[in-house]
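Inspection log for the structure reproduced underneath, given as structure tokens.
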4 protein chains.
Amino acid sequence: MTGPTHEDYGRLIVQGADRPGIVATVSGVLTDEGANIVSLDQSTSDPSGGRFFQRTVFHLAELPSRLAGLNATLETRLGEQLGLEFRLVEARRRKRAAIMVSKADHCLLDLLWRQRRGEVHMAVPMVVSNHPDLGDDVRGFDIPFFHVPVGKGDKAAAEKEQLNLLKGNVDVVVLARYMQILSAGFLAEVGVPVINIHHSFLPAFVGAGPYQRAKERGVKLVGATAHYVTEDLDEGPIIEQDVIRVSHRDPVPELQRKGADVERLVLSRAVAWHCDDRVVRDGSTTVVF
Amino acid sequence: MTGPTHEDYGRLIVQGADRPGIVATVSGVLTDEGANIVSLDQSTSDPSGGRFFQRTVFHLAELPSRLAGLNATLETRLGEQLGLEFRLVEARRRKRAAIMVSKADHCLLDLLWRQRRGEVHMAVPMVVSNHPDLGDDVRGFDIPFFHVPVGKGDKAAAEKEQLNLLKGNVDVVVLARYMQILSAGFLAEVGVPVINIHHSFLPAFVGAGPYQRAKERGVKLVGATAHYVTEDLDEGPIIEQDVIRVSHRDPVPELQRKGADVERLVLSRAVAWHCDDRVVRDGSTTVVF
Amino acid sequence: MTGPTHEDYGRLIVQGADRPGIVATVSGVLTDEGANIVSLDQSTSDPSGGRFFQRTVFHLAELPSRLAGLNATLETRLGEQLGLEFRLVEARRRKRAAIMVSKADHCLLDLLWRQRRGEVHMAVPMVVSNHPDLGDDVRGFDIPFFHVPVGKGDKAAAEKEQLNLLKGNVDVVVLARYMQILSAGFLAEVGVPVINIHHSFLPAFVGAGPYQRAKERGVKLVGATAHYVTEDLDEGPIIEQDVIRVSHRDPVPELQRKGADVERLVLSRAVAWHCDDRVVRDGSTTVVF
Amino acid sequence: MTGPTHEDYGRLIVQGADRPGIVATVSGVLTDEGANIVSLDQSTSDPSGGRFFQRTVFHLAELPSRLAGLNATLETRLGEQLGLEFRLVEARRRKRAAIMVSKADHCLLDLLWRQRRGEVHMAVPMVVSNHPDLGDDVRGFDIPFFHVPVGKGDKAAAEKEQLNLLKGNVDVVVLARYMQILSAGFLAEVGVPVINIHHSFLPAFVGAGPYQRAKERGVKLVGATAHYVTEDLDEGPIIEQDVIRVSHRDPVPELQRKGADVERLVLSRAVAWHCDDRVVRDGSTTVVF
């Protein structure tokens, strides 16, 4: 799934109102510029009058020096003439991801380890936690760990400190089982996408204690959901979900252990796809190429 | 999973408050009577002070003639002395299942195919529908089809007619995408378990239109849930659930098609397990051996 | 996954040696002709010097009357100028599929039922069997059933009779648990793709008796494989596979029952995808869009 | 799935030729001694004349001081009178597992994380590797790391050194992607079970390079198999298997990445089950309770 990351590779994400000829126009612009299309995925929410989405990976010799020119051409041909939004990304630029975490280590370690082995194309300039417990683990990966306690009634101060750390330094924030709710003000201020892992198959078991409630309800599968964070708790656009089979023999701690395996896989996939520009937000949902 | 069905095979289902020695007592009673235990499954909801469940399949020569005696012994040893509930079942007696259906044929046909092939150990004395559409399909299996229309404001009369057909003739009612809500009075009157298939992964998307809502919410899996019907709609004890992966490319009709494959598998499994006495109700949940 | 089937919809399948500009050329030709691209999938076996595959669904007003002209244009622009192979298909033309079967009914019934409800876009002009057992079931769907016994030492005569029935009348042959091996001569003569369902996760358990051997080997999953039939038994290009979990508790007949559920799903998916021109053969493998 | 580990909990594993009354005898012995059965699983390879397997978890006050007496009673009642083999295990005693590894870290780290988190009930007295690369990672967990190079033509000397490290110090050896074949002599000498993870769904792709061959064969799922090591390479009794879906779009390195996620899950499950005495060998297969 991961594309090439050499400096001559680029990604073009296009979205907007569907109309005839978009694919041909995008392909034509790239070909006219001398680019070679490596892969192309497109999707339409509805064949008549829906929204259009396209992700194209291309190779263009000396892309870094030609980026500005290509951007200007696309602004004219796609933006002005077709009314489309687009994003042009150099594949070599890894997204800078801050990870926020509390005490559970399974999602954090999975992300750091995949980053180290090159499976997730991100840089991790910092891990921020409201508890000191995971500091040694994080620093073992040569990554700075910042402990920002969140006292009762003092969340505003903590969020201010978090924003000081994050702003300008990161392209995405990943909540890897961070057990504090972020305020609407924080989300507005931070200015980058925030990805969360929820420990249930949303919209089932919205809110706290999903494994306990899954046990009481007798469900036969438990799951996890990675989603972009919005002001509406547990309602943000879903990026990825998965489940694992459980039975009446599993007490709640065993549901948590099995669920943790799903959580780390689902979050790692979601972050990897986000970092490869495979996820396009579409209102309350997503398109995942 | 299915046990032997020769007339010398029996099943003993035991449940009640857990206490030391239940397994030994049940095994001892059966062995004393000359029975050979073929398989034994037991489970406890909580090792200290929980509820106990056991399903034992045994072989006892000339079981039919010895059933009454064994029942009396169990009544004394398990019922009176240990305060346990039990059910003694001859494996050769297939449960009589009425299937209720509306217009969708996928769950109905899957059940009838499996019954004919010997995969689900049930007899189907009748299919009851509020629409005439599936009559030919059903009668092709040499099974009586009864059309009981449910007019607006006239559900009480329809339910009375349904009860006349069902009462005394069936051991279980299976709602194979029957699109009418059964009244509390019907459930009380019919006197046998009622199994329903709900077209979502409960408790997500309780109520109507789950596939439409799944699309709007952008979930990445759609599912189905088989459960016993109680007065609380979509809240009955869950017997089985499963899911299938979907994506942004699937319009609602495709979600319905993929979901239909899950629905028929989940319902068929649930009915097969019920007919083999593998499902024990435990308050709002189930134990599935 | 299934595209529109109105008479103005077409599908264009392109394959050949990869080179820069193919996507733009194909898109350009279609747009120049006035077609609107509804969906486009492309893939390359290797970004440098690999094979290229593309499936495009498009809408073109009055397609039937313009088919010949479009074909000629594509022959020039794709065939002569770029050395690519292509197939232009009207979406409204359902493929004619003969189903060959022996005694097991699960794959056959699943295909006929999905065809009837519109899930698989094919016509079924005939079912051919070496046993008479399933005749009533087939004719219940208003489909001709031809019984061609295959006596010992008399396969050549039987294949000749089968070819008389099939040749010119069908676009694809589906072996829905047909338990005779077709000769190389038959495959050469019949002139259309032949799809088979093998009851194991190939290449595990090539040959006969896979469930018995899976039991002896103690595997924890059993599977099924749908593939195009070639002269090399069980070695043809794989279209689809899936598995289901089993355990030491499942005797061989239970493996067969669980496996049968996978077989019918896998075969139905493979046939549906083939009929929608989603499967492109690539030597010993396939590209499945 | 994991049972209690307090010092009063024990596990009794029984196996042998099936005959009437075994369950009752085992339950009776335990109850007579004052033990309370917490859970009981049993299985028979064949209801008539097969092999019998039972795993019982029980609570017995002051088990450590009563172990010898219970062992003697079981020797009489199960061993001498019924000809059964049995193993009596204190739940509090964690198995000592040596992990052998080469350069790939995914299986190793997953095991160490789970051990630290309390998910796998084992002690890890040492990690042994034929390469020095993973030393820092291992020692970060406060676990000794021993580098035993395996030179060409010098395997005998290396195995002798490995045996010196292992013998008497461990209860099980886990090959977490250890890329050397262990000799029959080593297996005989080491005297404890050896668990291996094979990077394919055995028996498909026995031998080296399974992902490359999976790509060439165009399979739609890749898998992993954890098994006990025997003299017959890749033929030992299977403990656990799982698979993940892949497509024509995944090049070999992506198959390896997806496969690695399955490998570490499958190996971790197998080791956890082995350490909880849930796996009983049955000739070329296993019973997994």
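Going through the structure tokens in order, the chains are called A, B, and so on, while each chain numbers its residues from 1 and the ligands are numbered from 1 in the order shown.
For stretch 204-216 of chain B, the non-local neighbours within 7 Å, defined as residues at least 3 positions apart in the same chain or in other chains and counting only C-alpha atoms, are Pro203 and Ala204 of chain A; His199, Ser200, Phe201, Val219, Asp234, Val252, Leu255 and Gln256 of chain B.
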Restricted to N, CA and C atoms, what would the selected residues look like written as an mmCIF file, in the first residue's frame?
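Just written: result_12.cif:
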data_model
loop_
_atom_site.group_PDB
_atom_site.id
_atom_site.type_symbol
_atom_site.label_atom_id
_atom_site.label_comp_id
_atom_site.auth_asym_id
_atom_site.auth_seq_id
_atom_site.Cartn_x
_atom_site.Cartn_y
_atom_site.Cartn_z
ATOM 1 N N PRO A 203 -20.872 2.955 16.095
ATOM 2 C CA PRO A 203 -21.472 3.711 17.190
ATOM 3 C C PRO A 203 -21.953 2.845 18.361
ATOM 4 N N ALA A 204 -21.554 1.579 18.446
ATOM 5 C CA ALA A 204 -21.918 0.811 19.628
ATOM 6 C C ALA A 204 -21.042 1.252 20.791
ATOM 7 N N HIS B 199 -30.602 -6.666 11.434
ATOM 8 C CA HIS B 199 -29.621 -6.382 10.399
ATOM 9 C C HIS B 199 -28.635 -5.298 10.789
ATOM 10 N N SER B 200 -28.055 -5.430 11.980
ATOM 11 C CA SER B 200 -26.905 -4.606 12.342
ATOM 12 C C SER B 200 -26.149 -5.309 13.451
ATOM 13 N N PHE B 201 -24.959 -4.795 13.737
ATOM 14 C CA PHE B 201 -24.173 -5.295 14.849
ATOM 15 C C PHE B 201 -24.688 -4.595 16.106
ATOM 16 N N VAL B 219 -19.214 3.734 8.658
ATOM 17 C CA VAL B 219 -18.577 2.593 9.330
ATOM 18 C C VAL B 219 -17.888 1.715 8.297
ATOM 19 N N ASP B 234 -35.020 -5.111 20.223
ATOM 20 C CA ASP B 234 -33.578 -5.104 19.920
ATOM 21 C C ASP B 234 -32.706 -5.213 21.170
ATOM 22 N N VAL B 252 -25.632 2.128 -0.493
ATOM 23 C CA VAL B 252 -26.508 1.435 0.454
ATOM 24 C C VAL B 252 -26.994 0.078 -0.070
ATOM 25 N N LEU B 255 -24.363 -2.376 0.585
ATOM 26 C CA LEU B 255 -24.300 -2.723 2.013
ATOM 27 C C LEU B 255 -25.370 -3.752 2.347
ATOM 28 N N GLN B 256 -26.566 -3.561 1.762
ATOM 29 C CA GLN B 256 -27.653 -4.510 2.029
ATOM 30 C C GLN B 256 -27.311 -5.898 1.507
#
_I'd like the neighbourhood of A:Ala35 as a ChimeraX atom specification, where a residue qualifies if any of its atoms comes within 9 Å (using only C-alpha atoms), though same-chain residues fewer than 3 positions away should be ignored._
/A:29-32,58-61 /C:20-21
*asked:* If DSSP is run on the backbone, what residues of stretch 48-103 of chain C are helix (DSSP H, G or I)? A reply as a list of chain:residue names would be ideal.
replied: C:Leu63, C:Pro64, C:Ser65, C:Arg66, C:Leu67, C:Ala68, C:Gly69, C:Leu70, C:Asn71, C:Ala72, C:Thr73, C:Leu74, C:Glu75, C:Thr76, C:Arg77, C:Leu78, C:Gly79, C:Glu80, C:Gln81, C:Leu82
*Give me, as an NGL selection string, the contact residues of chain A against chain D at a cut-off of 12 Å, counting only C-alpha atoms.*
:A and (1-4 or 39 or 103-110 or 113-114 or 116-120 or 136-141 or 246-258 or 260-262 or 264-266 or 268-269)
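Here atom CA of A:Asn130 is placed at a distance of 23.1 Å from atom CA of A:Gly236.
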*Spatial neighbours of A:Leu187, 8 Å, only C-alpha atoms, chain gap at least 4 places, as a PyMOL selection string*: chain A and resi 182-183+191+194+230-231
*DSSP says strand (DSSP E or B) for which residues of stretch 50-240 of chain A? Put them as an NGL selection string?*
:A and (51-59 or 85-90 or 95-101 or 122-129 or 145-147 or 172-175 or 194-198 or 221-228 or 238-240)
*Hey, what's within 8 Å of D:Leu63 if we count only C-alpha atoms and toss same-chain stuff fewer than 3 positions away? As a list in words, please?*
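With the cut-off at 8 Å, the set is Glu7, Asp8, Tyr9, Gly10, His59, Leu60, Arg66, Leu67 and Glu90 of chain D.
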Close residues, B:Lys95 itself excluded, 12 Å, only C-alpha atoms, min 3 positions apart in chain, as a PDB file with N, CA, C and O atoms, in the first residue's frame:
ATOM      1  N   VAL B  89     -32.925 -33.874  27.545  1.00  0.00           N
ATOM      2  CA  VAL B  89     -33.443 -33.848  26.180  1.00  0.00           C
ATOM      3  C   VAL B  89     -32.977 -35.091  25.428  1.00  0.00           C
ATOM      4  O   VAL B  89     -31.807 -35.479  25.532  1.00  0.00           O
ATOM      5  N   GLU B  90     -33.881 -35.714  24.688  1.00  0.00           N
ATOM      6  CA  GLU B  90     -33.472 -36.796  23.794  1.00  0.00           C
ATOM      7  C   GLU B  90     -32.917 -36.190  22.510  1.00  0.00           C
ATOM      8  O   GLU B  90     -33.603 -35.399  21.866  1.00  0.00           O
ATOM      9  N   ALA B  91     -31.712 -36.576  22.133  1.00  0.00           N
ATOM     10  CA  ALA B  91     -31.090 -35.974  20.944  1.00  0.00           C
ATOM     11  C   ALA B  91     -31.881 -36.288  19.684  1.00  0.00           C
ATOM     12  O   ALA B  91     -31.878 -35.516  18.724  1.00  0.00           O
ATOM     13  N   ARG B  92     -32.599 -37.427  19.682  1.00  0.00           N
ATOM     14  CA  ARG B  92     -33.315 -37.809  18.456  1.00  0.00           C
ATOM     15  C   ARG B  92     -34.519 -36.906  18.180  1.00  0.00           C
ATOM     16  O   ARG B  92     -35.032 -36.878  17.060  1.00  0.00           O
ATOM     17  N   ALA B  98     -41.254 -23.002  13.600  1.00  0.00           N
ATOM     18  CA  ALA B  98     -42.022 -22.214  12.629  1.00  0.00           C
ATOM     19  C   ALA B  98     -41.152 -21.052  12.184  1.00  0.00           C
ATOM     20  O   ALA B  98     -40.479 -20.427  13.001  1.00  0.00           O
ATOM     21  N   GLN B 115     -31.888 -27.176   6.449  1.00  0.00           N
ATOM     22  CA  GLN B 115     -32.731 -28.188   7.085  1.00  0.00           C
ATOM     23  C   GLN B 115     -32.800 -29.418   6.182  1.00  0.00           C
ATOM     24  O   GLN B 115     -32.634 -30.549   6.636  1.00  0.00           O
ATOM     25  N   VAL B 120     -29.156 -28.340   9.927  1.00  0.00           N
ATOM     26  CA  VAL B 120     -29.875 -27.804  11.090  1.00  0.00           C
ATOM     27  C   VAL B 120     -30.886 -28.874  11.501  1.00  0.00           C
ATOM     28  O   VAL B 120     -31.727 -29.277  10.701  1.00  0.00           O
ATOM     29  N   HIS B 121     -30.766 -29.335  12.749  1.00  0.00           N
ATOM     30  CA  HIS B 121     -31.602 -30.459  13.205  1.00  0.00           C
ATOM     31  C   HIS B 121     -32.943 -29.967  13.693  1.00  0.00           C
ATOM     32  O   HIS B 121     -33.207 -29.903  14.886  1.00  0.00           O
ATOM     33  N   MET B 122     -33.786 -29.592  12.735  1.00  0.00           N
ATOM     34  CA  MET B 122     -35.123 -29.120  13.095  1.00  0.00           C
ATOM     35  C   MET B 122     -36.119 -29.681  12.088  1.00  0.00           C
ATOM     36  O   MET B 122     -35.753 -30.096  10.991  1.00  0.00           O
ATOM     37  N   ALA B 123     -37.382 -29.709  12.503  1.00  0.00           N
ATOM     38  CA  ALA B 123     -38.479 -29.917  11.566  1.00  0.00           C
ATOM     39  C   ALA B 123     -39.131 -28.563  11.345  1.00  0.00           C
ATOM     40  O   ALA B 123     -39.123 -27.723  12.248  1.00  0.00           O
ATOM     41  N   VAL B 124     -39.633 -28.331  10.152  1.00  0.00           N
ATOM     42  CA  VAL B 124     -40.294 -27.047   9.876  1.00  0.00           C
ATOM     43  C   VAL B 124     -41.746 -27.328   9.513  1.00  0.00           C
ATOM     44  O   VAL B 124     -42.080 -27.559   8.347  1.00  0.00           O
ATOM     45  N   PRO B 125     -42.646 -27.339  10.489  1.00  0.00           N
ATOM     46  CA  PRO B 125     -44.046 -27.679  10.189  1.00  0.00           C
ATOM     47  C   PRO B 125     -44.788 -26.583   9.439  1.00  0.00           C
ATOM     48  O   PRO B 125     -45.832 -26.845   8.851  1.00  0.00           O
ATOM     49  N   ASN B 169     -47.980 -26.480  18.249  1.00  0.00           N
ATOM     50  CA  ASN B 169     -47.391 -27.115  17.070  1.00  0.00           C
ATOM     51  C   ASN B 169     -45.889 -26.893  16.919  1.00  0.00           C
ATOM     52  O   ASN B 169     -45.266 -27.536  16.080  1.00  0.00           O
ATOM     53  N   VAL B 170     -45.334 -25.967  17.676  1.00  0.00           N
ATOM     54  CA  VAL B 170     -43.915 -25.650  17.456  1.00  0.00           C
ATOM     55  C   VAL B 170     -43.179 -25.484  18.778  1.00  0.00           C
ATOM     56  O   VAL B 170     -43.786 -25.165  19.808  1.00  0.00           O
ATOM     57  N   ASP B 171     -41.862 -25.694  18.710  1.00  0.00           N
ATOM     58  CA  ASP B 171     -41.006 -25.550  19.893  1.00  0.00           C
ATOM     59  C   ASP B 171     -40.210 -24.255  19.873  1.00  0.00           C
ATOM     60  O   ASP B 171     -39.607 -23.876  20.878  1.00  0.00           O
ATOM     61  N   VAL B 172     -40.152 -23.615  18.720  1.00  0.00           N
ATOM     62  CA  VAL B 172     -39.411 -22.367  18.591  1.00  0.00           C
ATOM     63  C   VAL B 172     -39.961 -21.627  17.376  1.00  0.00           C
ATOM     64  O   VAL B 172     -40.422 -22.250  16.410  1.00  0.00           O
ATOM     65  N   VAL B 173     -39.958 -20.299  17.439  1.00  0.00           N
ATOM     66  CA  VAL B 173     -40.370 -19.472  16.300  1.00  0.00           C
ATOM     67  C   VAL B 173     -39.140 -18.696  15.827  1.00  0.00           C
ATOM     68  O   VAL B 173     -38.428 -18.097  16.645  1.00  0.00           O
ATOM     69  N   VAL B 174     -38.895 -18.745  14.523  1.00  0.00           N
ATOM     70  CA  VAL B 174     -37.733 -18.050  13.959  1.00  0.00           C
ATOM     71  C   VAL B 174     -38.224 -16.912  13.068  1.00  0.00           C
ATOM     72  O   VAL B 174     -38.962 -17.153  12.107  1.00  0.00           O
ATOM     73  N   VAL B 192     -43.107 -20.218  23.532  1.00  0.00           N
ATOM     74  CA  VAL B 192     -41.847 -20.853  23.105  1.00  0.00           C
ATOM     75  C   VAL B 192     -40.854 -19.748  22.784  1.00  0.00           C
ATOM     76  O   VAL B 192     -41.247 -18.601  22.543  1.00  0.00           O
ATOM     77  N   PRO B 193     -39.560 -20.066  22.760  1.00  0.00           N
ATOM     78  CA  PRO B 193     -38.581 -19.031  22.425  1.00  0.00           C
ATOM     79  C   PRO B 193     -38.794 -18.496  21.012  1.00  0.00           C
ATOM     80  O   PRO B 193     -39.199 -19.244  20.104  1.00  0.00           O
ATOM     81  N   VAL B 271     -29.906 -20.644  14.937  1.00  0.00           N
ATOM     82  CA  VAL B 271     -30.989 -21.631  14.972  1.00  0.00           C
ATOM     83  C   VAL B 271     -30.415 -23.033  15.155  1.00  0.00           C
ATOM     84  O   VAL B 271     -30.934 -23.842  15.935  1.00  0.00           O
ATOM     85  N   ALA B 272     -29.332 -23.337  14.460  1.00  0.00           N
ATOM     86  CA  ALA B 272     -28.721 -24.665  14.601  1.00  0.00           C
ATOM     87  C   ALA B 272     -28.273 -24.899  16.040  1.00  0.00           C
ATOM     88  O   ALA B 272     -28.494 -25.976  16.608  1.00  0.00           O
ATOM     89  N   TRP B 273     -27.644 -23.890  16.639  1.00  0.00           N
ATOM     90  CA  TRP B 273     -27.177 -24.041  18.019  1.00  0.00           C
ATOM     91  C   TRP B 273     -28.353 -24.182  18.982  1.00  0.00           C
ATOM     92  O   TRP B 273     -28.303 -24.986  19.907  1.00  0.00           O
ATOM     93  N   HIS B 274     -29.400 -23.371  18.758  1.00  0.00           N
ATOM     94  CA  HIS B 274     -30.577 -23.491  19.616  1.00  0.00           C
ATOM     95  C   HIS B 274     -31.165 -24.899  19.530  1.00  0.00           C
ATOM     96  O   HIS B 274     -31.517 -25.492  20.538  1.00  0.00           O
ATOM     97  N   CYS B 275     -31.267 -25.414  18.315  1.00  0.00           N
ATOM     98  CA  CYS B 275     -31.882 -26.744  18.124  1.00  0.00           C
ATOM     99  C   CYS B 275     -31.028 -27.854  18.727  1.00  0.00           C
ATOM    100  O   CYS B 275     -31.537 -28.928  19.031  1.00  0.00           O
ATOM    101  N   ASP B 276     -29.727 -27.625  18.874  1.00  0.00           N
ATOM    102  CA  ASP B 276     -28.854 -28.607  19.525  1.00  0.00           C
ATOM    103  C   ASP B 276     -28.690 -28.309  21.017  1.00  0.00           C
ATOM    104  O   ASP B 276     -27.797 -28.872  21.661  1.00  0.00           O
ATOM    105  N   ASP B 277     -29.517 -27.443  21.562  1.00  0.00           N
ATOM    106  CA  ASP B 277     -29.477 -27.093  22.999  1.00  0.00           C
ATOM    107  C   ASP B 277     -28.103 -26.588  23.419  1.00  0.00           C
ATOM    108  O   ASP B 277     -27.626 -26.882  24.514  1.00  0.00           O
TER     109      ASP B 277
END
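The gap separating atom CA of B:Val23 from atom CA of D:Phe52 is 17.7 Å, in Å to one decimal.
For the pair atom CA of A:Ile99 and atom CA of A:Asp282, the interatomic distance is 24.4 Å.
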*Nearby residues (only C-alpha atoms) at most 10 Å from B:Leu267, same-chain spacing under 6 positions excluded, as a PyMOL selection string*: chain B and resi 107-108+110-111+174-177+195-198+224-227+239-241+273
Kindly save the residues from that selection, with N, CA, C and O atoms included, as a compact mmCIF listing (two decimals), in the first residue's frame.
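Below is the file result.txt, written as the result:
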# COMPACT_ATOMS: atom_id res chain seq x y z
N CYS B 107 -32.80 -15.24 4.27
CA CYS B 107 -32.69 -16.01 5.52
C CYS B 107 -33.56 -17.26 5.46
O CYS B 107 -33.16 -18.34 5.90
N LEU B 108 -34.77 -17.10 4.93
CA LEU B 108 -35.68 -18.24 4.82
C LEU B 108 -35.08 -19.37 4.01
O LEU B 108 -35.05 -20.53 4.46
N ASP B 110 -32.01 -19.99 3.19
CA ASP B 110 -30.82 -20.58 3.79
C ASP B 110 -31.21 -21.59 4.87
O ASP B 110 -30.62 -22.67 4.96
N LEU B 111 -32.21 -21.25 5.66
CA LEU B 111 -32.66 -22.18 6.70
C LEU B 111 -33.26 -23.44 6.08
O LEU B 111 -32.99 -24.56 6.54
N VAL B 174 -38.89 -18.75 14.52
CA VAL B 174 -37.73 -18.05 13.96
C VAL B 174 -38.22 -16.91 13.07
O VAL B 174 -38.96 -17.15 12.11
N LEU B 175 -37.83 -15.68 13.40
CA LEU B 175 -38.20 -14.53 12.59
C LEU B 175 -37.08 -14.29 11.57
O LEU B 175 -36.04 -13.75 11.89
N ALA B 176 -37.34 -14.73 10.34
CA ALA B 176 -36.32 -14.68 9.30
C ALA B 176 -36.54 -13.44 8.44
O ALA B 176 -36.90 -13.54 7.27
N ARG B 177 -36.28 -12.28 9.01
CA ARG B 177 -36.60 -10.97 8.43
C ARG B 177 -38.11 -10.79 8.32
O ARG B 177 -38.63 -10.43 7.27
N ILE B 195 -36.69 -16.42 18.06
CA ILE B 195 -35.35 -15.97 17.64
C ILE B 195 -35.50 -14.99 16.50
O ILE B 195 -36.22 -15.25 15.54
N ASN B 196 -34.82 -13.84 16.57
CA ASN B 196 -34.89 -12.83 15.53
C ASN B 196 -33.50 -12.56 14.95
O ASN B 196 -32.49 -12.74 15.63
N ILE B 197 -33.48 -12.13 13.69
CA ILE B 197 -32.22 -11.64 13.11
C ILE B 197 -32.35 -10.14 12.92
O ILE B 197 -33.28 -9.67 12.26
N HIS B 198 -31.43 -9.38 13.51
CA HIS B 198 -31.44 -7.93 13.34
C HIS B 198 -30.31 -7.56 12.40
O HIS B 198 -29.19 -8.04 12.56
N ALA B 224 -24.64 -8.33 11.60
CA ALA B 224 -25.97 -8.83 11.89
C ALA B 224 -25.93 -9.51 13.25
O ALA B 224 -24.88 -9.98 13.70
N THR B 225 -27.10 -9.55 13.90
CA THR B 225 -27.21 -10.06 15.26
C THR B 225 -28.43 -10.97 15.38
O THR B 225 -29.54 -10.54 15.07
N ALA B 226 -28.24 -12.20 15.81
CA ALA B 226 -29.37 -13.08 16.12
C ALA B 226 -29.57 -13.07 17.63
O ALA B 226 -28.61 -13.21 18.39
N HIS B 227 -30.82 -12.88 18.04
CA HIS B 227 -31.10 -12.76 19.48
C HIS B 227 -32.48 -13.31 19.80
O HIS B 227 -33.34 -13.39 18.92
N ILE B 239 -27.46 -14.22 20.66
CA ILE B 239 -26.98 -15.59 20.45
C ILE B 239 -25.72 -15.57 19.59
O ILE B 239 -24.76 -16.28 19.88
N GLU B 240 -25.73 -14.80 18.52
CA GLU B 240 -24.59 -14.82 17.61
C GLU B 240 -24.55 -13.50 16.84
O GLU B 240 -25.58 -12.88 16.58
N GLN B 241 -23.32 -13.10 16.45
CA GLN B 241 -23.11 -11.88 15.66
C GLN B 241 -21.95 -12.11 14.72
O GLN B 241 -21.05 -12.89 15.00
N TRP B 273 -27.64 -23.89 16.64
CA TRP B 273 -27.18 -24.04 18.02
C TRP B 273 -28.35 -24.18 18.98
O TRP B 273 -28.30 -24.99 19.91
_Residue contacts of A:Arg55 (12 Å, only C-alpha atoms) excluding same-chain residues fewer than 5 positions away, as a VMD selection string_ = (chain A and resid 3 10 to 15 23 26 to 27 37 to 43 86 to 89 276 to 280 287 to 289) or (chain C and resid 40 to 41)
